[in-house]
Amino acid sequence: MSSPGKMPSPGKHAAITSPHSIEGVQAGLHVVSFEATEPVPLPPVLLIHGFASSVELNWVKTGWVTALNQAGRRVISVDLPGHGGSTAPYDLDSYTPGKIRADLLQVLIDQGVRPRVDADPTSGVDLIGYSLGSRLAWEFGATQSELVRKMVLGGPNPEDPLADFDLRAAQDFLNDGTPIADASTAWLLNMAQVIPSNDIFALLSLIQAVKMEPFDPTDAVPSMPILLVAGSLDERARSMTRLAELSPGSKQLVIQGRTHNNTVTSREFKDAALSFLS
């Protein structure tokens, strides 16, 4: 679902998409497609950003959209609920991973993506997710194998860091400044607060909804080729091997000197993704 405003883009080939609905309910998602000047015969790429980020922060400003477009790839991007230009619904169900995956599927259908056909190299879709986006991509690929051709998962985690988020401590901090003892909770809350476009209470709703559907990568394992990427200074560089073991055909890349926060800006990451998705 598009918001009224326009998102800054790397060129004239970006387009705000038409609204869509799921079971008659407006999802309120801000969707932007970026068209390649010289398209190649490959599927479009769906980008799924991380917690407290957005299409603009995660993919446009970091150069991903430009790199993909220059490689001839059409890009489809979505701001998650409560993020960027998307709306912040009041109901908790709008933020569950299952509902978000249903919204993403509808977005792809609206964008003309259809199941993979061997005779048509442009059919299907490739996915690139980062952090929370990698969790959503893993589950989406596992349940939509007829649609997804390949996936690149950056900063992937076999466990869900949002599941351990201390909601009560975060709410106490927002109410009266009570210090947060849990370092991970404090880090995530700070990350959410520093971006003016974020609706902090919507993001807390998302965390609560994620807790309702804990991530277990063994529940359903994607069957398509996967590239797992993490920075050497990110603990996920060690833990992502557990995901690789679940998906024997997957590849791993550790980018030296990068943290969870800045791996996404790496040129090495982009080059590896473009090569893998070619």
# chains A, B, ... in the order shown; residues from 1 in each chain; ligands from 1
$ select_by_dssp --residues "region 79-272 of chain A" --states "strand (DSSP E)" --output "list of chain:residue names"
A:Asp79, A:Val125, A:Asp126, A:Leu127, A:Ile128, A:Gly129, A:Tyr130, A:Val148, A:Arg149, A:Lys150, A:Met151, A:Val152, A:Leu153, A:Gly154, A:Ile226, A:Leu227, A:Leu228, A:Val229, A:Ala230, A:Gly231, A:Lys251, A:Gln252, A:Leu253, A:Val254, A:Ile255
$ write_last_selection --atoms "N, CA and C atoms" --output "PDB file, in the first residue's frame"
ATOM      1  N   ASP A  79       8.262  -0.836   3.114  1.00  0.00           N
ATOM      2  CA  ASP A  79       8.457  -0.440   4.509  1.00  0.00           C
ATOM      3  C   ASP A  79       7.565  -1.318   5.377  1.00  0.00           C
ATOM      4  N   VAL A 125      10.875 -14.594  -8.045  1.00  0.00           N
ATOM      5  CA  VAL A 125      11.454 -13.424  -7.398  1.00  0.00           C
ATOM      6  C   VAL A 125      12.676 -13.856  -6.598  1.00  0.00           C
ATOM      7  N   ASP A 126      13.664 -12.976  -6.480  1.00  0.00           N
ATOM      8  CA  ASP A 126      14.791 -13.164  -5.570  1.00  0.00           C
ATOM      9  C   ASP A 126      14.572 -12.287  -4.343  1.00  0.00           C
ATOM     10  N   LEU A 127      15.036 -12.729  -3.183  1.00  0.00           N
ATOM     11  CA  LEU A 127      14.857 -11.984  -1.930  1.00  0.00           C
ATOM     12  C   LEU A 127      16.198 -11.579  -1.346  1.00  0.00           C
ATOM     13  N   ILE A 128      16.266 -10.359  -0.856  1.00  0.00           N
ATOM     14  CA  ILE A 128      17.395  -9.909  -0.030  1.00  0.00           C
ATOM     15  C   ILE A 128      16.811  -9.351   1.261  1.00  0.00           C
ATOM     16  N   GLY A 129      17.189  -9.938   2.385  1.00  0.00           N
ATOM     17  CA  GLY A 129      16.719  -9.464   3.679  1.00  0.00           C
ATOM     18  C   GLY A 129      17.888  -9.110   4.569  1.00  0.00           C
ATOM     19  N   TYR A 130      17.649  -8.201   5.501  1.00  0.00           N
ATOM     20  CA  TYR A 130      18.700  -7.872   6.463  1.00  0.00           C
ATOM     21  C   TYR A 130      18.129  -7.888   7.882  1.00  0.00           C
ATOM     22  N   VAL A 148       9.992 -18.177  -4.910  1.00  0.00           N
ATOM     23  CA  VAL A 148      11.320 -17.631  -4.638  1.00  0.00           C
ATOM     24  C   VAL A 148      12.405 -18.460  -5.315  1.00  0.00           C
ATOM     25  N   ARG A 149      13.255 -17.787  -6.090  1.00  0.00           N
ATOM     26  CA  ARG A 149      14.331 -18.457  -6.811  1.00  0.00           C
ATOM     27  C   ARG A 149      15.590 -18.580  -5.961  1.00  0.00           C
ATOM     28  N   LYS A 150      16.073 -17.447  -5.414  1.00  0.00           N
ATOM     29  CA  LYS A 150      17.268 -17.415  -4.582  1.00  0.00           C
ATOM     30  C   LYS A 150      17.069 -16.390  -3.473  1.00  0.00           C
ATOM     31  N   MET A 151      17.863 -16.528  -2.385  1.00  0.00           N
ATOM     32  CA  MET A 151      17.786 -15.571  -1.282  1.00  0.00           C
ATOM     33  C   MET A 151      19.171 -15.194  -0.791  1.00  0.00           C
ATOM     34  N   VAL A 152      19.310 -13.919  -0.418  1.00  0.00           N
ATOM     35  CA  VAL A 152      20.513 -13.415   0.250  1.00  0.00           C
ATOM     36  C   VAL A 152      20.078 -12.904   1.615  1.00  0.00           C
ATOM     37  N   LEU A 153      20.640 -13.468   2.675  1.00  0.00           N
ATOM     38  CA  LEU A 153      20.248 -13.101   4.038  1.00  0.00           C
ATOM     39  C   LEU A 153      21.428 -12.452   4.742  1.00  0.00           C
ATOM     40  N   GLY A 154      21.314 -11.162   5.025  1.00  0.00           N
ATOM     41  CA  GLY A 154      22.373 -10.435   5.710  1.00  0.00           C
ATOM     42  C   GLY A 154      22.099 -10.320   7.192  1.00  0.00           C
ATOM     43  N   ILE A 226      20.799 -20.264  -0.962  1.00  0.00           N
ATOM     44  CA  ILE A 226      20.845 -19.154  -0.007  1.00  0.00           C
ATOM     45  C   ILE A 226      22.284 -18.702   0.189  1.00  0.00           C
ATOM     46  N   LEU A 227      22.492 -17.381   0.211  1.00  0.00           N
ATOM     47  CA  LEU A 227      23.776 -16.794   0.588  1.00  0.00           C
ATOM     48  C   LEU A 227      23.590 -16.117   1.936  1.00  0.00           C
ATOM     49  N   LEU A 228      24.369 -16.550   2.938  1.00  0.00           N
ATOM     50  CA  LEU A 228      24.332 -15.985   4.283  1.00  0.00           C
ATOM     51  C   LEU A 228      25.533 -15.067   4.464  1.00  0.00           C
ATOM     52  N   VAL A 229      25.285 -13.835   4.915  1.00  0.00           N
ATOM     53  CA  VAL A 229      26.354 -12.838   5.008  1.00  0.00           C
ATOM     54  C   VAL A 229      26.317 -12.157   6.370  1.00  0.00           C
ATOM     55  N   ALA A 230      27.478 -12.010   7.001  1.00  0.00           N
ATOM     56  CA  ALA A 230      27.567 -11.278   8.275  1.00  0.00           C
ATOM     57  C   ALA A 230      28.962 -10.689   8.413  1.00  0.00           C
ATOM     58  N   GLY A 231      29.067  -9.615   9.178  1.00  0.00           N
ATOM     59  CA  GLY A 231      30.360  -9.010   9.456  1.00  0.00           C
ATOM     60  C   GLY A 231      31.110  -9.802  10.508  1.00  0.00           C
ATOM     61  N   LYS A 251      25.566 -20.915   0.964  1.00  0.00           N
ATOM     62  CA  LYS A 251      26.930 -20.392   1.002  1.00  0.00           C
ATOM     63  C   LYS A 251      27.032 -19.357   2.111  1.00  0.00           C
ATOM     64  N   GLN A 252      28.242 -19.180   2.649  1.00  0.00           N
ATOM     65  CA  GLN A 252      28.457 -18.210   3.714  1.00  0.00           C
ATOM     66  C   GLN A 252      29.562 -17.230   3.340  1.00  0.00           C
ATOM     67  N   LEU A 253      29.386 -15.985   3.758  1.00  0.00           N
ATOM     68  CA  LEU A 253      30.401 -14.958   3.549  1.00  0.00           C
ATOM     69  C   LEU A 253      30.536 -14.135   4.824  1.00  0.00           C
ATOM     70  N   VAL A 254      31.756 -14.043   5.333  1.00  0.00           N
ATOM     71  CA  VAL A 254      32.055 -13.197   6.493  1.00  0.00           C
ATOM     72  C   VAL A 254      32.869 -12.009   5.997  1.00  0.00           C
ATOM     73  N   ILE A 255      32.383 -10.809   6.264  1.00  0.00           N
ATOM     74  CA  ILE A 255      33.050  -9.588   5.800  1.00  0.00           C
ATOM     75  C   ILE A 255      33.873  -9.013   6.943  1.00  0.00           C
TER      76      ILE A 255
END
$ atom_distance --atom1 "CA of Gly155 (chain A)" --atom2 "CA of Ser131 (chain A)"
4.9 Å
$ closest_residue --among "A:Leu189, A:Met224, A:Leu147, A:Ile100" --to "Val210 (chain A)" --atoms "only C-alpha atoms"
A:Ile100
$ atom_distance --atom1 "CA of Leu132 (chain A)" --atom2 "CA of Gly50 (chain A)"
4.6 Å
